[in-house]
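Contents: one structure, followed by commentary.
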Amino acid sequence: MRVFGIVGSVLLALFLRPAAAQTVTGAAGEEFAVRVLARQLSDPWEVAYGPDNHLWLTEAKGYRVSRLDPATGTRTVLLDLNAQREFPRYDKIPDSADGGKPWPQGGLMGLAVHPQLLQGKPYVYLVYIYRFAGAQQPGKGGAANYGGHFFTTRLVRYEYRPPQQSLINPVTLCDTLPGSNDHNAGRLLIAPVNGQDYLFYSTGDLGAGQFDNAGQPNHAQNPHRYAGKMLRFHLEPDADTGPTDQWLPNDNPFATPARQSAVWSLGHRNAQGLAYAVVGGTGRLYETEHGPYSDDEVNIIERGRNYGHPLIIGYADNNYNGLAAGVTKHAALPGAWNTSYPFIKSEQANAKAIGAATYRDPIASLYPNSHAFLTKLYAKTRAGDKDAPDWPSEAPSSLAVYTATAIPGWQNSLLMPTLKHGKLIRLQLNAAGTGVTGDTLVYFRAPVRYRDLALSPDGTRLYLATDSASVTSGPSKEDPKGTSCKGCILEYTYLRGGTQATAAAPTPAGQWWQPGRVSPATGPRVRRAAAPPVRK
């Protein structure tokens, strides 16, 4: 599958100075007008297009919820949650003063607006980290021997009051959700199951097995722990007794008569993209999640299914055989790769053990690396070799399904913003909506980290949020080149054009890229799951 892109110089010029709308040309000849609607937000994490025709925003570090008029750019703060945060802004405190305590990955994260917001259901759902177990401990506040940094997350429903432009009357759905300084996932989505709407929330695996959490046990395969899961909640309480059970559907797949459970699916690493759409007559929940050293995944989420992590990375294609889902240089940690992640003897055997009726391969992987390349990278990382190569991946931060007809050729496409290379990837779904087909197209490339995406109902406008900083998870340093539009909300309005793209000659592979693939600098190919090894 070939990839096409646009030059980001026009976008860079727009980001660096205030300007009226400028135009950029897309991969298939589409023309878009570009505007910066907001700047200098404190790491916007969620941008959602509400039924009130406004954008709803969360700021991960600012702990504020705002409502933005896309016509005028006027932004109103509806809620400030800083008082609910029981730990300071570690990202603003010198390590010499706080011992190097970490900020959680995210902070104030997902937001979901009830589809009947203006029709008697004025509800807005939020999820945020509010407690750090190590706040009063010396040093970094983590468990010994890289045993983890433990935060706690709260899921809350608020009521929107238009006259006061505020969110009031918080009701807690759950305040014991696991959190970390790594891999919190954190996306919220309202989507139907059998005609009834529910609230879905993705939890990450807490980074258990890598970096400063490398000695922490990974619970993504444990159905009784909420880390590394897709969770499902009611939008309104049911008749069950108990303040938390009322929000848990009784038909969730891992619920028992003795214990309710929010778990809908398991085996997830860091799922930050969630979108629902009806394609080919069937509604499906699509998801994207970050891979470790390859294999960012695109999945279709199904009730009770297992998506493999950390036993299977991407497809069950055996490229991680003899490895693990992570590697560190911490020699005191167990296993061949100095990590709590389990050793992967055979991905295909692990898939078979999970069972064909339960295990699900991704419908696409970005991008499967060879076993030889991964083994070399792992060995260099374990040895602390600073020359260990980078790897082809995208770091998908969000997901939308484009079902409108406004832009030629875009209907039934997955739209995936990325953190690693600052671009929007478009993947065409097949007619049934069960797989990816056609070419991979790249849009809006710029030196930014795209965090989230929202679409106008008519499909003519796309809204992208950018991070305020240019760091990733783990012990990464700030990119000295920075990011060109810090904490921005960008509007791309479709103007005209758009045809079937003509394949461009791929850029030759670099010294460590697999033959036949293109460097992420120009965009690697995506591999489709034509015939997954184990899939029913």
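How things are named: the first chain in the structure tokens is A, the next is B, and so on; residues count from 1 in each chain; ligands count from 1 in the order shown.
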*Contact residues around A:Val113 with only C-alpha atoms at 8 Å, ignoring same-chain residues under 2 positions, as a ChimeraX atom specification*: /A:48,50,111,115,117,123-125,190
Deliver the residues from the most recent selection as a file, using C-alpha atoms, as a PDB file, in the first residue's frame.
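What ended up in part.pdb:
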```pdb
ATOM      1  CA  ALA A  48     -15.595  17.110  20.468  1.00  0.00           C
ATOM      2  CA  GLY A  50     -21.368  18.914  20.281  1.00  0.00           C
ATOM      3  CA  LEU A 111     -14.953  14.153  27.398  1.00  0.00           C
ATOM      4  CA  PRO A 115     -26.281  13.410  22.029  1.00  0.00           C
ATOM      5  CA  LEU A 117     -27.699  17.630  25.354  1.00  0.00           C
ATOM      6  CA  TYR A 123     -25.054  15.584  30.477  1.00  0.00           C
ATOM      7  CA  VAL A 124     -21.323  15.865  29.912  1.00  0.00           C
ATOM      8  CA  TYR A 125     -19.012  13.036  30.970  1.00  0.00           C
ATOM      9  CA  ILE A 190     -20.884   7.370  23.649  1.00  0.00           C
TER      10      ILE A 190
END
```
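Counting only C-alpha atoms, the residue from A:Arg232, A:Val156, A:Leu462, A:Gly148 that sits nearest to A:Ile168 is A:Val156.
From atom CA of A:Leu424 back to atom CA of A:Tyr443, the distance works out to 5.0 Å.
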*Just the residues within 6 Å of A:Tyr130, please, counting only C-alpha atoms, with nothing from its chain fewer than 2 positions along; format it as a PyMOL selection string.*
chain A and resi 85-86+153
Give me, as JSON lines, the closest atom pair and its distance (Å, one decimal) for every residue of stretch 325-419 of chain A within a cut-off of 6 Å of stretch 290-312 of chain A, counting only C-alpha atoms, rows sorted by chain and rising number.
```
{"residue": "A:Ala325", "atom": "CA", "partner": "A:Pro310", "partner_atom": "CA", "distance": 5.6}
{"residue": "A:Glu347", "atom": "CA", "partner": "A:Ile312", "partner_atom": "CA", "distance": 5.2}
{"residue": "A:Thr358", "atom": "CA", "partner": "A:Arg305", "partner_atom": "CA", "distance": 4.9}
{"residue": "A:Tyr359", "atom": "CA", "partner": "A:Asn306", "partner_atom": "CA", "distance": 4.8}
{"residue": "A:Arg360", "atom": "CA", "partner": "A:Tyr307", "partner_atom": "CA", "distance": 5.3}
{"residue": "A:Pro362", "atom": "CA", "partner": "A:Asn299", "partner_atom": "CA", "distance": 4.6}
{"residue": "A:Ile363", "atom": "CA", "partner": "A:Asn299", "partner_atom": "CA", "distance": 5.6}
{"residue": "A:Ala364", "atom": "CA", "partner": "A:Val298", "partner_atom": "CA", "distance": 5.2}
{"residue": "A:Ser365", "atom": "CA", "partner": "A:Glu297", "partner_atom": "CA", "distance": 4.8}
{"residue": "A:Leu366", "atom": "CA", "partner": "A:Asp296", "partner_atom": "CA", "distance": 4.8}
{"residue": "A:Tyr367", "atom": "CA", "partner": "A:Asp295", "partner_atom": "CA", "distance": 4.7}
{"residue": "A:Pro368", "atom": "CA", "partner": "A:Asp295", "partner_atom": "CA", "distance": 5.1}
{"residue": "A:Asn369", "atom": "CA", "partner": "A:Ser294", "partner_atom": "CA", "distance": 5.9}
{"residue": "A:Ser393", "atom": "CA", "partner": "A:Ser294", "partner_atom": "CA", "distance": 5.6}
{"residue": "A:Ala395", "atom": "CA", "partner": "A:His290", "partner_atom": "CA", "distance": 5.4}
```
_All strand (DSSP E) positions in stretch 317-474 of chain A, as a ChimeraX atom specification_ = /A:364-366,400-402,413-417,424-429,436-443,450-455,461-466
Since we have the selection now, will you write its residues out, keeping N, CA and C atoms, as a compact mmCIF listing (two decimals), in the first residue's frame?
```txt
# COMPACT_ATOMS: atom_id res chain seq x y z
N ALA A 364 -5.72 -3.68 10.80
CA ALA A 364 -4.56 -3.07 10.16
C ALA A 364 -3.49 -2.85 11.22
N SER A 365 -2.23 -2.88 10.78
CA SER A 365 -1.10 -2.65 11.65
C SER A 365 -0.16 -1.64 11.02
N LEU A 366 0.30 -0.69 11.84
CA LEU A 366 1.23 0.35 11.41
C LEU A 366 2.48 0.29 12.28
N ALA A 400 -11.41 9.06 14.08
CA ALA A 400 -12.75 9.42 13.64
C ALA A 400 -13.06 8.61 12.40
N VAL A 401 -14.34 8.35 12.18
CA VAL A 401 -14.77 7.69 10.95
C VAL A 401 -15.52 8.71 10.12
N TYR A 402 -15.04 8.94 8.91
CA TYR A 402 -15.66 9.92 8.02
C TYR A 402 -16.72 9.19 7.20
N SER A 413 -14.01 6.40 5.54
CA SER A 413 -12.57 6.38 5.81
C SER A 413 -12.31 6.52 7.31
N LEU A 414 -11.27 5.86 7.78
CA LEU A 414 -10.76 6.10 9.12
C LEU A 414 -9.79 7.26 9.07
N LEU A 415 -9.95 8.23 9.96
CA LEU A 415 -9.06 9.38 10.05
C LEU A 415 -8.30 9.29 11.37
N MET A 416 -6.98 9.24 11.28
CA MET A 416 -6.14 8.94 12.42
C MET A 416 -5.07 10.02 12.60
N PRO A 417 -5.22 10.94 13.56
CA PRO A 417 -4.14 11.88 13.85
C PRO A 417 -3.00 11.17 14.57
N LEU A 424 -2.19 13.66 9.63
CA LEU A 424 -3.47 12.98 9.67
C LEU A 424 -3.43 11.88 8.62
N ILE A 425 -3.65 10.65 9.04
CA ILE A 425 -3.64 9.50 8.13
C ILE A 425 -5.08 9.14 7.79
N ARG A 426 -5.32 8.90 6.50
CA ARG A 426 -6.64 8.42 6.07
C ARG A 426 -6.51 7.00 5.56
N LEU A 427 -7.30 6.11 6.13
CA LEU A 427 -7.37 4.71 5.72
C LEU A 427 -8.77 4.41 5.23
N GLN A 428 -8.88 3.89 4.03
CA GLN A 428 -10.19 3.59 3.46
C GLN A 428 -10.68 2.23 3.95
N LEU A 429 -11.90 2.19 4.48
CA LEU A 429 -12.51 0.93 4.86
C LEU A 429 -13.08 0.23 3.64
N VAL A 436 -9.40 -2.72 6.05
CA VAL A 436 -8.82 -1.56 5.38
C VAL A 436 -8.41 -1.94 3.97
N THR A 437 -8.69 -1.05 3.03
CA THR A 437 -8.35 -1.33 1.64
C THR A 437 -7.83 -0.06 0.98
N GLY A 438 -7.26 -0.19 -0.20
CA GLY A 438 -6.80 0.99 -0.93
C GLY A 438 -5.52 1.57 -0.37
N ASP A 439 -5.22 2.80 -0.78
CA ASP A 439 -3.97 3.45 -0.42
C ASP A 439 -4.10 4.23 0.89
N THR A 440 -2.97 4.43 1.53
CA THR A 440 -2.90 5.22 2.74
C THR A 440 -2.53 6.65 2.38
N LEU A 441 -3.34 7.61 2.78
CA LEU A 441 -3.12 9.00 2.42
C LEU A 441 -2.75 9.82 3.65
N VAL A 442 -1.83 10.75 3.48
CA VAL A 442 -1.32 11.58 4.56
C VAL A 442 -1.68 13.03 4.30
N TYR A 443 -2.22 13.70 5.34
CA TYR A 443 -2.68 15.08 5.22
C TYR A 443 -2.09 15.94 6.35
N TYR A 450 -0.36 15.98 16.85
CA TYR A 450 -1.82 16.04 16.78
C TYR A 450 -2.40 15.13 17.85
N ARG A 451 -3.22 15.70 18.73
CA ARG A 451 -3.73 14.96 19.88
C ARG A 451 -5.14 14.43 19.67
N ASP A 452 -6.01 15.18 19.00
CA ASP A 452 -7.39 14.73 18.85
C ASP A 452 -7.98 15.34 17.59
N LEU A 453 -9.13 14.79 17.20
CA LEU A 453 -9.79 15.16 15.95
C LEU A 453 -11.29 15.17 16.16
N ALA A 454 -11.97 16.17 15.59
CA ALA A 454 -13.43 16.21 15.57
C ALA A 454 -13.87 16.62 14.17
N LEU A 455 -15.08 16.20 13.79
CA LEU A 455 -15.63 16.49 12.47
C LEU A 455 -16.94 17.24 12.62
N ARG A 461 -15.74 20.27 7.65
CA ARG A 461 -14.72 20.85 8.50
C ARG A 461 -14.12 19.80 9.43
N LEU A 462 -12.80 19.86 9.56
CA LEU A 462 -12.07 19.00 10.47
C LEU A 462 -11.38 19.88 11.50
N TYR A 463 -11.42 19.45 12.76
CA TYR A 463 -10.80 20.20 13.85
C TYR A 463 -9.74 19.31 14.50
N LEU A 464 -8.51 19.82 14.56
CA LEU A 464 -7.40 19.08 15.13
C LEU A 464 -6.80 19.84 16.30
N ALA A 465 -6.56 19.12 17.40
CA ALA A 465 -5.91 19.70 18.57
C ALA A 465 -4.45 19.29 18.58
N THR A 466 -3.58 20.20 19.01
CA THR A 466 -2.15 19.91 19.08
C THR A 466 -1.65 20.02 20.51
```
Residue contacts of stretch 132-146 of chain A (6 Å, only C-alpha atoms) excluding same-chain residues fewer than 3 positions away, as a short mmCIF file (atom, residue, chain, number, x, y, z; two decimals) with C-alpha atoms, in the first residue's frame:
```cif
data_model
loop_
_atom_site.label_atom_id
_atom_site.label_comp_id
_atom_site.auth_asym_id
_atom_site.auth_seq_id
_atom_site.Cartn_x
_atom_site.Cartn_y
_atom_site.Cartn_z
CA GLY A 99 12.42 14.66 43.92
CA GLY A 100 11.54 14.22 40.26
CA LYS A 101 7.92 13.22 40.77
CA HIS A 149 3.79 5.18 39.85
CA PHE A 150 0.21 4.81 41.01
CA PHE A 151 -2.38 7.44 40.24
CA ASP A 212 10.05 3.64 35.35
CA ASN A 213 7.21 1.12 35.55
CA ALA A 214 9.25 -1.75 34.11
CA GLY A 215 8.93 -3.88 37.24
#
```
*Mind checking DSSP for stretch 316-509 of chain A and telling me the alpha helix (DSSP H) residues as an MDAnalysis selection string?*
chainID A and resid 347:354 371:382
I need the chosen residues saved as an mmCIF file, in the first residue's frame, with C-alpha atoms.
```
data_model
loop_
_atom_site.group_PDB
_atom_site.id
_atom_site.type_symbol
_atom_site.label_atom_id
_atom_site.label_comp_id
_atom_site.auth_asym_id
_atom_site.auth_seq_id
_atom_site.Cartn_x
_atom_site.Cartn_y
_atom_site.Cartn_z
ATOM 1 C CA GLU A 347 2.604 -15.209 19.143
ATOM 2 C CA GLN A 348 0.625 -17.751 17.157
ATOM 3 C CA ALA A 349 0.671 -20.201 20.056
ATOM 4 C CA ASN A 350 -0.535 -17.442 22.381
ATOM 5 C CA ALA A 351 -3.372 -16.611 19.993
ATOM 6 C CA LYS A 352 -4.337 -20.269 19.836
ATOM 7 C CA ALA A 353 -4.304 -20.502 23.638
ATOM 8 C CA ILE A 354 -6.621 -17.496 23.930
ATOM 9 C CA HIS A 371 11.959 -10.239 13.758
ATOM 10 C CA ALA A 372 15.583 -9.526 12.844
ATOM 11 C CA PHE A 373 15.167 -5.764 13.176
ATOM 12 C CA LEU A 374 13.310 -6.053 16.487
ATOM 13 C CA THR A 375 15.890 -8.438 17.940
ATOM 14 C CA LYS A 376 18.693 -6.028 17.051
ATOM 15 C CA LEU A 377 16.808 -3.069 18.534
ATOM 16 C CA TYR A 378 16.041 -4.984 21.742
ATOM 17 C CA ALA A 379 19.654 -6.039 22.191
ATOM 18 C CA LYS A 380 20.894 -2.472 21.748
ATOM 19 C CA THR A 381 18.255 -1.089 24.124
ATOM 20 C CA ARG A 382 19.031 -3.680 26.788
#
```
*Of the candidates A:Asp98, A:Ala431, A:Cys485, A:Pro457, which one gets nearest to A:Ser470 if we count only C-alpha atoms?*
A:Cys485
*Hey, what's within 10 Å of stretch 175-178 of chain A if we count only C-alpha atoms and toss same-chain stuff fewer than 2 positions away? As a list in words, please?*
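Everything that qualifies: Val127, Tyr128, Ile129, Tyr130, Arg131, Phe150, Phe151, Thr152, Thr153, Arg154, Leu155, Val156, Thr172, Leu173, Ser180, Asn184, Thr203, Gly204, Asp205, Leu206, Arg225, Tyr226, Ala227, Gly228 and Thr244 of chain A.
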Output N, CA and C atoms for every residue in the selection just made, as an mmCIF file, in the first residue's frame.
```
data_model
loop_
_atom_site.group_PDB
_atom_site.id
_atom_site.type_symbol
_atom_site.label_atom_id
_atom_site.label_comp_id
_atom_site.auth_asym_id
_atom_site.auth_seq_id
_atom_site.Cartn_x
_atom_site.Cartn_y
_atom_site.Cartn_z
ATOM 1 N N VAL A 127 -13.367 12.455 32.447
ATOM 2 C CA VAL A 127 -12.500 11.551 33.194
ATOM 3 C C VAL A 127 -11.178 12.272 33.457
ATOM 4 N N TYR A 128 -10.735 12.229 34.713
ATOM 5 C CA TYR A 128 -9.510 12.939 35.069
ATOM 6 C C TYR A 128 -8.802 12.224 36.216
ATOM 7 N N ILE A 129 -7.494 12.394 36.261
ATOM 8 C CA ILE A 129 -6.668 11.850 37.331
ATOM 9 C C ILE A 129 -6.673 12.838 38.493
ATOM 10 N N TYR A 130 -6.921 12.332 39.689
ATOM 11 C CA TYR A 130 -7.061 13.251 40.823
ATOM 12 C C TYR A 130 -6.157 12.926 42.000
ATOM 13 N N ARG A 131 -5.527 11.764 42.021
ATOM 14 C CA ARG A 131 -4.740 11.385 43.194
ATOM 15 C C ARG A 131 -3.456 10.683 42.763
ATOM 16 N N PHE A 150 1.629 5.129 40.935
ATOM 17 C CA PHE A 150 0.212 4.806 41.009
ATOM 18 C C PHE A 150 -0.641 6.059 41.216
ATOM 19 N N PHE A 151 -1.410 6.360 40.200
ATOM 20 C CA PHE A 151 -2.384 7.444 40.238
ATOM 21 C C PHE A 151 -3.788 6.832 40.254
ATOM 22 N N THR A 152 -4.778 7.649 40.585
ATOM 23 C CA THR A 152 -6.172 7.200 40.585
ATOM 24 C C THR A 152 -7.004 8.160 39.747
ATOM 25 N N THR A 153 -7.941 7.583 39.006
ATOM 26 C CA THR A 153 -8.716 8.321 38.013
ATOM 27 C C THR A 153 -10.192 8.305 38.379
ATOM 28 N N ARG A 154 -10.865 9.412 38.099
ATOM 29 C CA ARG A 154 -12.291 9.562 38.417
ATOM 30 C C ARG A 154 -13.084 9.806 37.133
ATOM 31 N N LEU A 155 -14.194 9.105 37.006
ATOM 32 C CA LEU A 155 -15.139 9.286 35.902
ATOM 33 C C LEU A 155 -16.398 9.938 36.459
ATOM 34 N N VAL A 156 -16.783 11.088 35.890
ATOM 35 C CA VAL A 156 -17.840 11.921 36.472
ATOM 36 C C VAL A 156 -18.808 12.383 35.389
ATOM 37 N N THR A 172 -20.435 10.972 40.508
ATOM 38 C CA THR A 172 -19.316 10.076 40.231
ATOM 39 C C THR A 172 -19.818 8.720 39.757
ATOM 40 N N LEU A 173 -19.326 8.290 38.597
ATOM 41 C CA LEU A 173 -19.616 6.950 38.104
ATOM 42 C C LEU A 173 -18.636 5.941 38.683
ATOM 43 N N SER A 180 -1.605 6.253 35.886
ATOM 44 C CA SER A 180 -0.159 6.107 35.905
ATOM 45 C C SER A 180 0.484 7.349 35.299
ATOM 46 N N ASN A 184 -2.207 5.812 30.097
ATOM 47 C CA ASN A 184 -3.534 5.917 30.700
ATOM 48 C C ASN A 184 -4.657 5.777 29.684
ATOM 49 N N THR A 203 -8.892 2.240 29.062
ATOM 50 C CA THR A 203 -7.825 2.348 30.054
ATOM 51 C C THR A 203 -6.557 1.734 29.477
ATOM 52 N N GLY A 204 -5.413 2.367 29.735
ATOM 53 C CA GLY A 204 -4.145 1.820 29.279
ATOM 54 C C GLY A 204 -3.599 0.786 30.245
ATOM 55 N N ASP A 205 -2.488 0.182 29.855
ATOM 56 C CA ASP A 205 -1.872 -0.843 30.712
ATOM 57 C C ASP A 205 -0.946 -0.235 31.757
ATOM 58 N N LEU A 206 -0.985 1.092 31.908
ATOM 59 C CA LEU A 206 -0.242 1.855 32.918
ATOM 60 C C LEU A 206 1.258 1.883 32.641
ATOM 61 N N ARG A 225 -9.024 -6.935 36.563
ATOM 62 C CA ARG A 225 -8.328 -5.665 36.788
ATOM 63 C C ARG A 225 -8.651 -4.737 35.626
ATOM 64 N N TYR A 226 -8.804 -3.450 35.922
ATOM 65 C CA TYR A 226 -9.278 -2.509 34.904
ATOM 66 C C TYR A 226 -8.176 -1.963 33.994
ATOM 67 N N ALA A 227 -6.912 -2.227 34.291
ATOM 68 C CA ALA A 227 -5.837 -1.737 33.428
ATOM 69 C C ALA A 227 -5.820 -2.506 32.110
ATOM 70 N N GLY A 228 -5.616 -1.767 30.996
ATOM 71 C CA GLY A 228 -5.522 -2.400 29.683
ATOM 72 C C GLY A 228 -6.844 -2.935 29.175
ATOM 73 N N THR A 244 -22.093 2.663 42.817
ATOM 74 C CA THR A 244 -21.271 2.343 41.646
ATOM 75 C C THR A 244 -21.919 1.283 40.766
#
```
*What is the atom CA of A:Arg35-atom CA of A:Asp69 distance in Å, reported with one decimal?*
13.2 Å
